[in-house]
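Novice: Data: work_38.cif, mmCIF, C-alpha atoms.
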data_target
loop_
_atom_site.label_atom_id
_atom_site.label_comp_id
_atom_site.auth_asym_id
_atom_site.auth_seq_id
_atom_site.Cartn_x
_atom_site.Cartn_y
_atom_site.Cartn_z
CA MET M 23 16.72 30.75 -4.02
CA VAL M 24 13.73 28.53 -4.84
CA GLN M 25 14.33 26.11 -7.73
CA LYS M 26 11.55 25.77 -10.25
CA LEU M 27 10.52 22.28 -11.33
CA TYR M 28 7.89 21.04 -13.75
CA LEU M 29 5.52 18.10 -13.72
CA ILE M 30 4.97 16.67 -17.21
CA LEU M 31 2.06 14.24 -17.56
CA GLU M 32 2.11 11.55 -20.21
CA ASN M 33 -0.82 13.31 -21.92
CA GLY M 34 1.35 16.42 -22.40
CA ARG M 35 -0.06 18.61 -19.60
CA VAL M 36 2.56 20.60 -17.68
CA PHE M 37 2.37 21.99 -14.13
CA ALA M 38 4.97 24.39 -12.70
CA GLY M 39 6.01 24.22 -9.06
CA GLU M 40 8.89 24.70 -6.64
CA ALA M 41 11.38 22.07 -5.55
CA PHE M 42 11.91 20.85 -2.02
CA GLY M 43 13.62 17.75 -0.72
CA TRP M 44 16.02 16.18 -3.23
CA PRO M 45 16.11 18.31 -6.42
CA GLY M 46 16.36 15.51 -8.98
CA GLU M 47 14.62 14.42 -12.18
CA VAL M 48 12.32 11.46 -11.73
CA THR M 49 9.71 9.49 -13.69
CA GLY M 50 6.99 7.40 -12.05
CA GLU M 51 3.34 6.39 -11.93
CA LEU M 52 1.23 9.34 -10.76
CA VAL M 53 -1.36 8.57 -8.06
CA PHE M 54 -3.22 10.54 -5.40
CA THR M 55 -4.17 9.88 -1.79
CA THR M 56 -7.04 11.61 0.00
CA ALA M 57 -5.76 10.99 3.54
CA MET M 58 -5.98 14.13 5.69
CA VAL M 59 -3.42 12.90 8.22
CA GLY M 60 -0.65 10.32 8.23
CA TYR M 61 1.73 11.72 5.64
CA LEU M 62 4.63 9.98 7.40
CA GLU M 63 2.88 6.63 7.07
CA THR M 64 2.25 7.41 3.40
CA LEU M 65 5.88 8.32 2.77
CA THR M 66 7.15 5.11 4.37
CA ASP M 67 4.50 2.70 3.05
CA PRO M 68 6.32 0.22 0.74
CA SER M 69 3.15 -0.12 -1.36
CA PHE M 70 3.94 3.26 -2.97
CA TYR M 71 7.12 1.88 -4.55
CA GLY M 72 7.72 3.35 -8.00
CA GLN M 73 4.97 5.96 -7.70
CA ILE M 74 4.77 9.76 -7.60
CA VAL M 75 2.30 10.49 -4.82
CA VAL M 76 -0.01 13.52 -4.78
CA GLN M 77 -1.48 14.59 -1.43
CA THR M 78 -4.95 16.09 -1.84
CA PHE M 79 -4.82 17.66 1.65
CA PRO M 80 -3.41 21.16 1.04
CA LEU M 81 -0.86 21.52 3.89
CA ILE M 82 1.71 18.80 4.51
CA GLY M 83 4.59 18.68 6.99
CA ASN M 84 3.01 20.66 9.82
CA TYR M 85 3.86 18.09 12.50
CA GLY M 86 7.33 17.38 11.17
CA VAL M 87 9.06 14.02 11.01
CA ILE M 88 8.36 11.42 13.71
CA PRO M 89 10.34 8.17 13.17
CA ALA M 90 8.14 6.28 15.65
CA ASP M 91 5.28 6.63 13.14
CA PHE M 92 7.18 5.20 10.17
CA GLU M 93 5.81 2.07 8.48
CA SER M 94 9.25 1.06 7.21
CA ALA M 95 12.81 2.28 7.59
CA LYS M 96 12.73 4.65 4.62
CA PRO M 97 10.51 6.03 1.84
CA HIS M 98 9.92 3.87 -1.23
CA LEU M 99 7.98 6.26 -3.46
CA LYS M 100 9.58 8.06 -6.43
CA ALA M 101 8.48 11.63 -5.61
CA TYR M 102 6.05 13.61 -3.45
CA ILE M 103 3.71 16.40 -4.62
CA VAL M 104 1.92 18.79 -2.25
CA ARG M 105 0.06 22.08 -2.48
CA GLU M 106 2.07 23.61 0.36
CA TRP M 107 4.83 22.17 2.54
CA CYS M 108 5.26 23.49 6.07
CA ARG M 109 8.74 24.91 6.60
CA GLU M 110 8.44 25.23 10.38
CA PRO M 111 6.71 22.17 11.88
CA SER M 112 5.25 22.33 15.37
CA ASN M 113 4.79 19.16 17.38
CA PHE M 114 6.38 17.96 20.61
CA ARG M 115 7.25 14.61 18.96
CA SER M 116 8.86 16.13 15.86
CA GLU M 117 12.50 15.26 15.17
CA GLY M 118 12.98 17.22 11.95
CA SER M 119 11.38 18.81 8.92
CA LEU M 120 9.80 17.20 5.88
CA ASP M 121 12.20 19.01 3.55
CA THR M 122 15.26 17.61 5.36
CA PHE M 123 13.77 14.12 5.53
CA LEU M 124 13.17 14.01 1.78
CA MET M 125 16.63 15.42 1.10
CA GLU M 126 18.32 12.79 3.26
CA ASN M 127 16.42 10.00 1.50
CA HIS M 128 16.89 11.35 -2.06
CA ILE M 129 13.16 11.83 -2.61
CA THR M 130 12.15 14.69 -4.91
CA GLY M 131 9.45 17.01 -3.59
CA LEU M 132 7.31 19.37 -5.65
CA ALA M 133 5.19 22.09 -4.02
CA GLY M 134 3.03 24.96 -5.24
CA ILE M 135 1.08 22.65 -7.55
CA ASP M 136 -2.69 22.97 -7.91
CA THR M 137 -3.25 19.49 -6.48
CA ARG M 138 -7.03 19.81 -6.82
CA ALA M 139 -6.76 20.29 -10.58
CA LEU M 140 -4.15 17.53 -10.83
CA THR M 141 -6.36 15.09 -8.91
CA ARG M 142 -9.33 15.86 -11.16
CA ILE M 143 -7.21 14.98 -14.19
CA ILE M 144 -6.25 11.61 -12.66
CA ARG M 145 -9.87 10.90 -11.72
CA GLU M 146 -11.07 11.68 -15.23
CA HIS M 147 -8.28 10.09 -17.28
CA GLY M 148 -7.04 7.46 -14.83
CA VAL M 149 -3.64 6.75 -13.34
CA MET M 150 -0.87 7.86 -15.69
CA ASN M 151 2.88 8.24 -15.76
CA ALA M 152 4.59 11.57 -15.18
CA ARG M 153 8.01 13.18 -14.91
CA ILE M 154 9.36 15.85 -12.59
CA THR M 155 12.09 17.82 -14.30
CA ALA M 156 13.78 21.22 -14.54
CA ASN M 157 13.17 21.24 -18.29
CA PRO M 158 9.54 22.03 -19.25
CA GLU M 159 10.01 21.25 -22.94
CA VAL M 160 7.54 18.65 -24.14
CA THR M 161 8.65 16.68 -27.20
CA PRO M 162 7.38 13.42 -28.71
CA GLU M 163 10.55 11.75 -27.45
CA VAL M 164 9.95 12.96 -23.88
CA LEU M 165 6.34 11.78 -23.88
CA ALA M 166 7.37 8.40 -25.32
CA GLU M 167 9.90 7.95 -22.50
CA ILE M 168 7.31 8.87 -19.86
CA LYS M 169 4.68 6.52 -21.30
CA ALA M 170 7.20 3.67 -21.44
CA TYR M 171 7.83 3.73 -17.69
CA ARG M 172 6.69 0.63 -15.83
CA ILE M 173 7.07 -0.45 -12.22
CA THR M 174 9.10 -3.67 -12.19
CA ASP M 175 10.43 -6.08 -9.56
CA SER M 176 8.52 -4.09 -6.97
CA VAL M 177 7.90 -6.77 -4.32
CA ASN M 178 11.49 -8.03 -4.22
CA SER M 179 12.68 -4.43 -3.99
CA VAL M 180 10.83 -3.74 -0.73
CA SER M 181 10.60 -7.17 0.95
CA ARG M 182 12.74 -8.02 3.96
CA ALA M 183 15.77 -10.04 2.93
CA ASP M 184 16.03 -12.16 6.09
CA VAL M 185 14.02 -13.87 8.79
CA ALA M 186 13.50 -11.59 11.79
CA PRO M 187 13.96 -13.01 15.31
CA ALA M 188 10.85 -14.23 17.12
CA GLY M 189 9.59 -13.70 20.66
CA GLU M 190 6.98 -15.60 22.67
CA GLY M 191 3.35 -16.50 21.97
CA ARG M 192 1.44 -17.81 18.96
CA LYS M 193 3.91 -18.21 16.12
CA VAL M 194 2.83 -16.25 13.04
CA VAL M 195 4.87 -16.15 9.85
CA LEU M 196 4.57 -12.73 8.23
CA TRP M 197 5.22 -13.32 4.53
CA ASP M 198 6.65 -9.93 3.71
CA PHE M 199 5.80 -8.50 0.27
CA GLY M 200 6.47 -4.95 1.52
CA ALA M 201 4.79 -5.10 4.90
CA LYS M 202 3.76 -2.05 6.87
CA GLY M 203 5.29 -2.18 10.33
CA SER M 204 1.91 -1.76 12.01
CA ILE M 205 0.77 -5.20 10.82
CA ALA M 206 3.39 -6.93 12.97
CA GLY M 207 2.53 -4.51 15.78
CA CYS M 208 -1.14 -5.49 15.71
CA LEU M 209 -0.22 -9.17 15.86
CA GLU M 210 2.23 -8.66 18.71
CA GLN M 211 -0.40 -6.73 20.68
CA ARG M 212 -2.53 -9.86 20.52
CA GLY M 213 0.11 -12.18 21.91
CA CYS M 214 1.70 -13.36 18.66
CA ARG M 215 5.41 -13.77 18.00
CA VAL M 216 6.08 -12.69 14.45
CA VAL M 217 8.62 -14.34 12.17
CA ASN M 218 9.34 -12.29 9.05
CA MET M 219 9.87 -14.31 5.88
CA PRO M 220 10.98 -12.61 2.64
CA ALA M 221 8.91 -12.61 -0.54
CA SER M 222 11.40 -15.07 -2.04
CA ALA M 223 10.71 -17.69 0.63
CA LYS M 224 9.73 -21.16 -0.56
CA ALA M 225 6.68 -23.02 0.69
CA ALA M 226 8.91 -25.61 2.36
CA ASP M 227 10.78 -22.89 4.26
CA ILE M 228 7.56 -21.35 5.56
CA LEU M 229 5.98 -24.65 6.60
CA ALA M 230 9.28 -25.73 8.19
CA GLU M 231 8.78 -22.91 10.72
CA ARG M 232 5.69 -24.85 11.91
CA PRO M 233 3.67 -21.64 12.22
CA ASP M 234 0.35 -21.39 14.05
CA GLY M 235 -0.75 -18.84 11.45
CA ILE M 236 0.44 -17.13 8.29
CA MET M 237 -0.03 -13.45 7.49
CA LEU M 238 0.23 -12.33 3.86
CA SER M 239 1.26 -8.68 3.82
CA ASN M 240 0.53 -5.68 1.67
CA GLY M 241 2.96 -4.69 -1.07
CA PRO M 242 3.39 -2.74 -4.31
CA GLY M 243 2.80 -3.34 -7.98
CA ASP M 244 0.66 -5.55 -10.18
CA PRO M 245 -0.27 -8.77 -8.34
CA SER M 246 -0.07 -10.78 -11.57
CA ASP M 247 3.65 -9.99 -11.78
CA ASN M 248 4.18 -12.37 -8.85
CA MET M 249 3.13 -15.74 -10.21
CA ASN M 250 6.25 -17.33 -8.69
CA ILE M 251 4.92 -16.32 -5.26
CA VAL M 252 1.44 -17.54 -6.21
CA ALA M 253 2.90 -20.96 -7.06
CA GLU M 254 4.54 -21.18 -3.62
CA LEU M 255 1.35 -19.93 -1.98
CA LYS M 256 -0.62 -22.78 -3.55
CA GLU M 257 1.75 -25.22 -1.84
CA VAL M 258 1.51 -23.39 1.50
CA LEU M 259 -2.28 -23.58 1.36
CA LYS M 260 -2.03 -27.38 1.29
CA GLY M 261 -0.63 -27.21 4.83
CA GLY M 262 -4.01 -26.13 6.22
CA VAL M 263 -2.50 -23.37 8.38
CA PRO M 264 -4.83 -20.45 9.27
CA MET M 265 -4.08 -17.55 6.94
CA PHE M 266 -4.95 -13.86 6.75
CA GLY M 267 -4.15 -11.72 3.70
CA ILE M 268 -4.09 -7.93 3.52
CA CYS M 269 -4.03 -5.81 0.32
CA LEU M 270 -1.51 -7.49 -2.04
CA GLY M 271 -1.75 -10.59 0.16
CA HIS M 272 -5.50 -10.59 -0.50
CA GLN M 273 -4.91 -10.37 -4.24
CA LEU M 274 -2.28 -13.13 -4.27
CA LEU M 275 -4.63 -15.43 -2.34
CA ALA M 276 -7.32 -14.86 -4.96
CA LEU M 277 -4.86 -15.60 -7.78
CA ALA M 278 -3.82 -18.80 -5.98
CA HIS M 279 -7.47 -19.87 -6.07
CA GLY M 280 -7.79 -19.25 -9.81
CA ALA M 281 -9.38 -15.78 -9.64
CA LYS M 282 -8.26 -12.77 -11.67
CA THR M 283 -7.29 -9.20 -10.84
CA ASP M 284 -7.53 -6.00 -12.85
CA LYS M 285 -6.19 -2.45 -12.64
CA LEU M 286 -8.58 0.17 -11.30
CA HIS M 287 -9.14 3.47 -13.09
CA TYR M 288 -7.40 5.50 -10.38
CA GLY M 289 -7.31 3.16 -7.39
CA HIS M 290 -8.33 3.55 -3.76
CA ARG M 291 -5.82 5.53 -1.71
CA GLY M 292 -6.78 7.32 1.47
CA ALA M 293 -8.29 6.88 4.91
CA ASN M 294 -11.99 7.33 4.11
CA GLN M 295 -13.03 4.37 1.92
CA PRO M 296 -16.44 2.90 2.90
CA VAL M 297 -16.58 -0.89 2.95
CA LYS M 298 -19.75 -2.94 3.42
CA ASP M 299 -19.90 -6.33 5.12
CA VAL M 300 -22.35 -8.17 2.86
CA GLU M 301 -23.12 -10.66 5.62
CA THR M 302 -24.24 -8.12 8.25
CA GLY M 303 -24.92 -5.02 6.15
CA GLN M 304 -22.62 -2.93 8.36
CA VAL M 305 -20.45 -0.28 6.72
CA TYR M 306 -16.94 0.50 7.95
CA ILE M 307 -14.64 3.39 7.08
CA THR M 308 -11.22 2.05 6.08
CA SER M 309 -7.68 3.00 5.14
CA GLN M 310 -6.66 1.81 1.67
CA ASN M 311 -3.76 1.96 -0.75
CA HIS M 312 -4.11 -0.13 -3.89
CA GLY M 313 -4.44 0.19 -7.64
CA TYR M 314 -5.68 -3.32 -8.46
CA ALA M 315 -8.75 -5.29 -7.40
CA VAL M 316 -9.91 -8.91 -7.40
CA LEU M 317 -12.70 -9.51 -9.92
CA ASN M 318 -15.71 -10.77 -7.95
CA ASP M 319 -17.12 -13.04 -10.66
CA THR M 320 -13.84 -14.90 -11.14
CA LEU M 321 -13.68 -16.31 -7.61
CA PRO M 322 -14.29 -20.07 -7.25
CA ALA M 323 -17.42 -21.56 -5.69
CA ASP M 324 -15.64 -22.25 -2.38
CA ALA M 325 -14.83 -18.54 -1.96
CA LYS M 326 -17.34 -15.96 -0.75
CA VAL M 327 -17.07 -12.20 -1.22
CA ARG M 328 -17.41 -10.89 2.35
CA PHE M 329 -16.74 -7.17 1.89
CA VAL M 330 -17.41 -4.81 -1.03
CA ASN M 331 -16.48 -1.19 -1.61
CA ALA M 332 -19.64 0.87 -0.97
CA ASN M 333 -18.66 3.36 -3.68
CA ASP M 334 -17.96 1.11 -6.67
CA GLY M 335 -18.84 -2.44 -5.57
CA THR M 336 -15.32 -3.83 -6.03
CA CYS M 337 -14.11 -6.76 -3.96
CA GLU M 338 -12.83 -5.76 -0.52
CA GLY M 339 -12.66 -9.10 1.23
CA VAL M 340 -13.01 -12.85 0.71
CA ASP M 341 -13.78 -15.78 3.03
CA TYR M 342 -12.52 -19.18 1.81
CA LEU M 343 -15.20 -21.57 3.00
CA ASP M 344 -13.25 -24.84 2.84
CA LYS M 345 -10.26 -23.69 4.91
CA PRO M 346 -9.33 -21.32 7.79
CA VAL M 347 -8.36 -18.56 5.39
CA PHE M 348 -9.68 -15.06 4.73
CA SER M 349 -8.43 -11.81 3.25
CA VAL M 350 -9.25 -8.11 2.92
CA GLN M 351 -8.25 -5.47 0.40
CA PHE M 352 -8.22 -2.64 2.94
CA HIS M 353 -5.87 -2.05 5.91
CA PRO M 354 -7.36 -3.11 9.27
CA GLU M 355 -4.16 -1.92 10.99
CA ALA M 356 -5.09 1.62 9.74
CA ALA M 357 -1.79 3.54 10.24
CA ALA M 358 -2.89 6.17 9.60
CA GLY M 359 -6.66 5.95 9.48
CA PRO M 360 -9.78 4.64 11.24
CA LEU M 361 -9.62 1.59 13.49
CA ASP M 362 -13.09 0.34 12.50
CA THR M 363 -11.84 -3.03 11.25
CA SER M 364 -9.06 -3.85 13.70
CA PHE M 365 -11.32 -6.66 14.96
CA LEU M 366 -10.15 -8.69 11.96
CA PHE M 367 -6.86 -9.34 13.76
CA ASP M 368 -8.93 -10.76 16.64
CA ARG M 369 -10.73 -12.97 14.12
CA PHE M 370 -7.38 -14.23 12.84
CA VAL M 371 -6.14 -15.02 16.36
CA ALA M 372 -9.41 -16.84 17.12
CA LEU M 373 -8.91 -18.93 13.95
CA ILE M 374 -5.41 -19.82 15.12
CA ASP M 375 -6.62 -20.86 18.57
CA ALA M 376 -9.51 -22.92 17.18
CA HIS M 377 -7.18 -24.69 14.73
CA LYS M 378 -4.71 -25.53 17.52
CA GLU M 379 -7.52 -27.05 19.60
CA GLU M 380 -8.59 -29.23 16.68
CA LYS M 381 -5.13 -30.71 16.18
#
Translate the structure described by the file into structure tokens.
Specialist:
Amino acid sequence: MVQKLYLILENGRVFAGEAFGWPGEVTGELVFTTAMVGYLETLTDPSFYGQIVVQTFPLIGNYGVIPADFESAKPHLKAYIVREWCREPSNFRSEGSLDTFLMENHITGLAGIDTRALTRIIREHGVMNARITANPEVTPEVLAEIKAYRITDSVNSVSRADVAPAGEGRKVVLWDFGAKGSIAGCLEQRGCRVVNMPASAKAADILAERPDGIMLSNGPGDPSDNMNIVAELKEVLKGGVPMFGICLGHQLLALAHGAKTDKLHYGHRGANQPVKDVETGQVYITSQNHGYAVLNDTLPADAKVRFVNANDGTCEGVDYLDKPVFSVQFHPEAAAGPLDTSFLFDRFVALIDAHKEEK
């Protein structure tokens, strides 16, 4: 028998749907992603920590569960909302169903929702909190509880707790704020040996590894909640090591240079975000997952905005002119999404090699 569940928005709107996965009650920040493929990468992306994710694509689960495509060992989101979930997946790589996967990982699923209408509400009113529950009653107390929800301690909750073993090649420290697995994969494909360092790592620990390069990973939450990391990052920057920041790493680099960040109305989440290189005029289609952006006019004089979002003009990338450091807001490793900007990993490797020749 199908269990009925309800989605209560903080503005009092209620949507009725059917449960799948883990049938629990959960409160989180409601966001949507427009990606047409890659639901496994979405489910296992640590950047969705604390959030209830709405898929705008109407059918999810049709190719099952494929662990080789995971971006981390398990899901980190609060709940998952789809129009229709596929009960009988069909793919030669599939190792299970979406329903079973969510059940095993205690992630609540909600199907049968008009995700188009729900997405329009988020676009119009902005990101808001919501609750999935078996009780549709809306009271002032319930709405107050939903509105009070806040994502806290997000980076430490998803960061690796230890240093991973290294292989051969250029030594790159991956400062892990909730890193997608494909970032390390892209570095390894280019002859780098990746050393994972947790978010709690001190500047002295990172520099003691004598890295050829430092990668600042993606991650969840409000970048300004991580000023302890920003303080360590300022010290790491003094070492002059080539550095590449992605997503949250991009935002933390900007904060370390005195810039500011702000929350977007409903964020950029999906695999179809157009980004313009202001130096060449070329436009790339990118994969993105973020709710905050660096404010262009707060960057210092020695920092140049290199990429902007072609839709709203927000900052999508920065070159730091006085050091071998650059960052992007989007995901050049894609996973899932277009590979238009994978050349940025080649740029990072070239920076590493040039810096080694100078020493």
Novice: Of the residues M:Gly262, M:Pro162, M:Gly148, M:Gly271, which is the one nearest to Glu51 (chain M), using all atoms listed in the file?
Specialist: M:Gly148
Novice: To test your reading of the syntax: which residues would the PyMOL selection byres ((chain M and resi 228) around 12) return for the file shown? Reply as a CSV table (one decimal) with C-alpha atoms, in the coordinates of the input.
Specialist:
chain,number,residue,atom,x,y,z
M,185,VAL,CA,14.0,-13.9,8.8
M,193,LYS,CA,3.9,-18.2,16.1
M,194,VAL,CA,2.8,-16.2,13.0
M,195,VAL,CA,4.9,-16.2,9.8
M,196,LEU,CA,4.6,-12.7,8.2
M,197,TRP,CA,5.2,-13.3,4.5
M,198,ASP,CA,6.6,-9.9,3.7
M,217,VAL,CA,8.6,-14.3,12.2
M,218,ASN,CA,9.3,-12.3,9.0
M,219,MET,CA,9.9,-14.3,5.9
M,220,PRO,CA,11.0,-12.6,2.6
M,221,ALA,CA,8.9,-12.6,-0.5
M,222,SER,CA,11.4,-15.1,-2.0
M,223,ALA,CA,10.7,-17.7,0.6
M,224,LYS,CA,9.7,-21.2,-0.6
M,225,ALA,CA,6.7,-23.0,0.7
M,226,ALA,CA,8.9,-25.6,2.4
M,227,ASP,CA,10.8,-22.9,4.3
M,229,LEU,CA,6.0,-24.6,6.6
M,230,ALA,CA,9.3,-25.7,8.2
M,231,GLU,CA,8.8,-22.9,10.7
M,232,ARG,CA,5.7,-24.8,11.9
M,233,PRO,CA,3.7,-21.6,12.2
M,234,ASP,CA,0.4,-21.4,14.0
M,235,GLY,CA,-0.8,-18.8,11.4
M,236,ILE,CA,0.4,-17.1,8.3
M,237,MET,CA,0.0,-13.4,7.5
M,238,LEU,CA,0.2,-12.3,3.9
M,254,GLU,CA,4.5,-21.2,-3.6
M,255,LEU,CA,1.4,-19.9,-2.0
M,257,GLU,CA,1.8,-25.2,-1.8
M,258,VAL,CA,1.5,-23.4,1.5
M,259,LEU,CA,-2.3,-23.6,1.4
M,261,GLY,CA,-0.6,-27.2,4.8
M,263,VAL,CA,-2.5,-23.4,8.4
Novice: Please evaluate the PyMOL selection byres ((chain M and resi 109) around 12) against the displayed coordinates and give the resulting residues as a ChimeraX atom specification.
Specialist: /M:42-43,81-87,106-108,110-112,118-123,133
Novice: In Å, with one decimal, what is the gap from CA of Gly50 (chain M) to CA of Gln351 (chain M)?
Specialist: 23.5 Å
Novice: With distances taken over only C-alpha atoms, which of M:Ala315, M:Val53, M:Leu62, M:Ala201 is nearest to Arg182 (chain M)?
Specialist: M:Ala201
Novice: Do a neighbour search on Ala332 (chain M) at 10 Å with all atoms listed in the file, toss out local chain neighbours closer than 6 positions, and write the hits as a PyMOL selection string.
Specialist: chain M and resi 295-299+305-307+338
Novice: Which of these residues is nearest to Asn113 (chain M), using all atoms listed in the file: M:Val216, M:Met125, M:Ile88, M:Met249?
Specialist: M:Ile88
Novice: Hey, which of M:Gln304, M:Thr161, M:Pro322, M:Glu355 ends up closest to Leu277 (chain M)? Count only C-alpha atoms.
Specialist: M:Pro322
Novice: One decimal, in Å: what's the spacing between CA of Asn151 (chain M) and CA of Ala170 (chain M)?
Specialist: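 Distance reported for this atom pair: 8.5 Å.
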Novice: For region 164-168 of chain M, list every protein, DNA or RNA residue within 10 Å, evaluated using only C-alpha atoms, and leave out those in the same chain fewer than 6 positions away; present the list as a PyMOL selection string.
Specialist: chain M and resi 30-34+48-51+150-153
Novice: Once the PyMOL selection byres ((chain M and resi 347) around 7) has been applied to the shown file, what residues remain in the selection, as a tab-separated table (two decimals) with C-alpha atoms, keeping the file's coordinate frame?
Specialist:
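The result, written out as part38.tsv:
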chain	number	residue	atom	x	y	z
M	264	PRO	CA	-4.83	-20.45	9.27
M	265	MET	CA	-4.08	-17.55	6.94
M	266	PHE	CA	-4.95	-13.86	6.75
M	341	ASP	CA	-13.78	-15.78	3.03
M	342	TYR	CA	-12.52	-19.18	1.81
M	345	LYS	CA	-10.26	-23.69	4.91
M	346	PRO	CA	-9.33	-21.32	7.79
M	348	PHE	CA	-9.68	-15.06	4.73
Novice: Using only C-alpha atoms, find the one residue out of M:Phe370, M:Tyr288, M:Phe352, M:Tyr71 that sits nearest to Gly243 (chain M).
Specialist: M:Tyr71
Novice: Excluding same-chain residues fewer than 2 positions from region 278-283 of chain M, what lies within 8 Å of it counting all atoms listed in the file, as number ranges by chain?
Specialist: M: 245-246, 252-253, 255-256, 273-276, 285, 314-317, 320-322
Novice: Rounded to one decimal in Å, what is the spacing between CA of Leu270 (chain M) and CA of Asn248 (chain M)?
Specialist: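 It comes out at 10.1 Å.
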Novice: With distances taken over only C-alpha atoms, which residue among M:Ser309, M:Thr141, M:Ser239, M:Ser94 lies nearest Asp67 (chain M)?
Specialist: M:Ser94
Novice: Quick one: residues within 8 Å of Gln77 (chain M), all atoms listed in the file counted, chain neighbours fewer than 5 positions away excluded, as an mmCIF file with C-alpha atoms, in the frame of the given file?
Specialist:
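File around_13.cif, as written:
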data_model
loop_
_atom_site.group_PDB
_atom_site.id
_atom_site.type_symbol
_atom_site.label_atom_id
_atom_site.label_comp_id
_atom_site.auth_asym_id
_atom_site.auth_seq_id
_atom_site.Cartn_x
_atom_site.Cartn_y
_atom_site.Cartn_z
ATOM 1 C CA PHE M 54 -3.220 10.540 -5.400
ATOM 2 C CA THR M 55 -4.170 9.880 -1.790
ATOM 3 C CA THR M 56 -7.040 11.610 0.000
ATOM 4 C CA ALA M 57 -5.760 10.990 3.540
ATOM 5 C CA ILE M 82 1.710 18.800 4.510
ATOM 6 C CA TYR M 102 6.050 13.610 -3.450
ATOM 7 C CA ILE M 103 3.710 16.400 -4.620
ATOM 8 C CA VAL M 104 1.920 18.790 -2.250
ATOM 9 C CA ARG M 105 0.060 22.080 -2.480
ATOM 10 C CA THR M 137 -3.250 19.490 -6.480
#
Novice: Set the distance at 12 Å and use only C-alpha atoms: which residues neighbour Lys202 (chain M) once local chain neighbours fewer than 3 positions away are removed? I'd like the list as a short mmCIF file (atom, residue, chain, number, x, y, z; two decimals) with C-alpha atoms, in the frame of the given file.
Specialist:
data_model
loop_
_atom_site.label_atom_id
_atom_site.label_comp_id
_atom_site.auth_asym_id
_atom_site.auth_seq_id
_atom_site.Cartn_x
_atom_site.Cartn_y
_atom_site.Cartn_z
CA GLU M 63 2.88 6.63 7.07
CA THR M 64 2.25 7.41 3.40
CA LEU M 65 5.88 8.32 2.77
CA THR M 66 7.15 5.11 4.37
CA ASP M 67 4.50 2.70 3.05
CA PRO M 68 6.32 0.22 0.74
CA SER M 69 3.15 -0.12 -1.36
CA PHE M 70 3.94 3.26 -2.97
CA ASP M 91 5.28 6.63 13.14
CA PHE M 92 7.18 5.20 10.17
CA GLU M 93 5.81 2.07 8.48
CA SER M 94 9.25 1.06 7.21
CA ALA M 95 12.81 2.28 7.59
CA LYS M 96 12.73 4.65 4.62
CA PRO M 97 10.51 6.03 1.84
CA HIS M 98 9.92 3.87 -1.23
CA VAL M 180 10.83 -3.74 -0.73
CA SER M 181 10.60 -7.17 0.95
CA ARG M 182 12.74 -8.02 3.96
CA LEU M 196 4.57 -12.73 8.23
CA TRP M 197 5.22 -13.32 4.53
CA ASP M 198 6.65 -9.93 3.71
CA PHE M 199 5.80 -8.50 0.27
CA ILE M 205 0.77 -5.20 10.82
CA ALA M 206 3.39 -6.93 12.97
CA GLY M 207 2.53 -4.51 15.78
CA CYS M 208 -1.14 -5.49 15.71
CA ASN M 218 9.34 -12.29 9.05
CA LEU M 238 0.23 -12.33 3.86
CA SER M 239 1.26 -8.68 3.82
CA ASN M 240 0.53 -5.68 1.67
CA GLY M 241 2.96 -4.69 -1.07
CA PRO M 242 3.39 -2.74 -4.31
CA ILE M 268 -4.09 -7.93 3.52
CA CYS M 269 -4.03 -5.81 0.32
CA LEU M 270 -1.51 -7.49 -2.04
CA ASN M 311 -3.76 1.96 -0.75
CA HIS M 353 -5.87 -2.05 5.91
CA PRO M 354 -7.36 -3.11 9.27
CA GLU M 355 -4.16 -1.92 10.99
CA ALA M 356 -5.09 1.62 9.74
CA ALA M 357 -1.79 3.54 10.24
CA ALA M 358 -2.89 6.17 9.60
#
Novice: For a cut-off of 7 Å around (13.5, 27.9, -7.1), file coordinates, pick out all residues using all atoms listed in the file and list them as a list in words.
Specialist: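 It turns out the residues near that spot are Met23, Val24, Gln25, Lys26, Glu40 and Ala41 of chain M.
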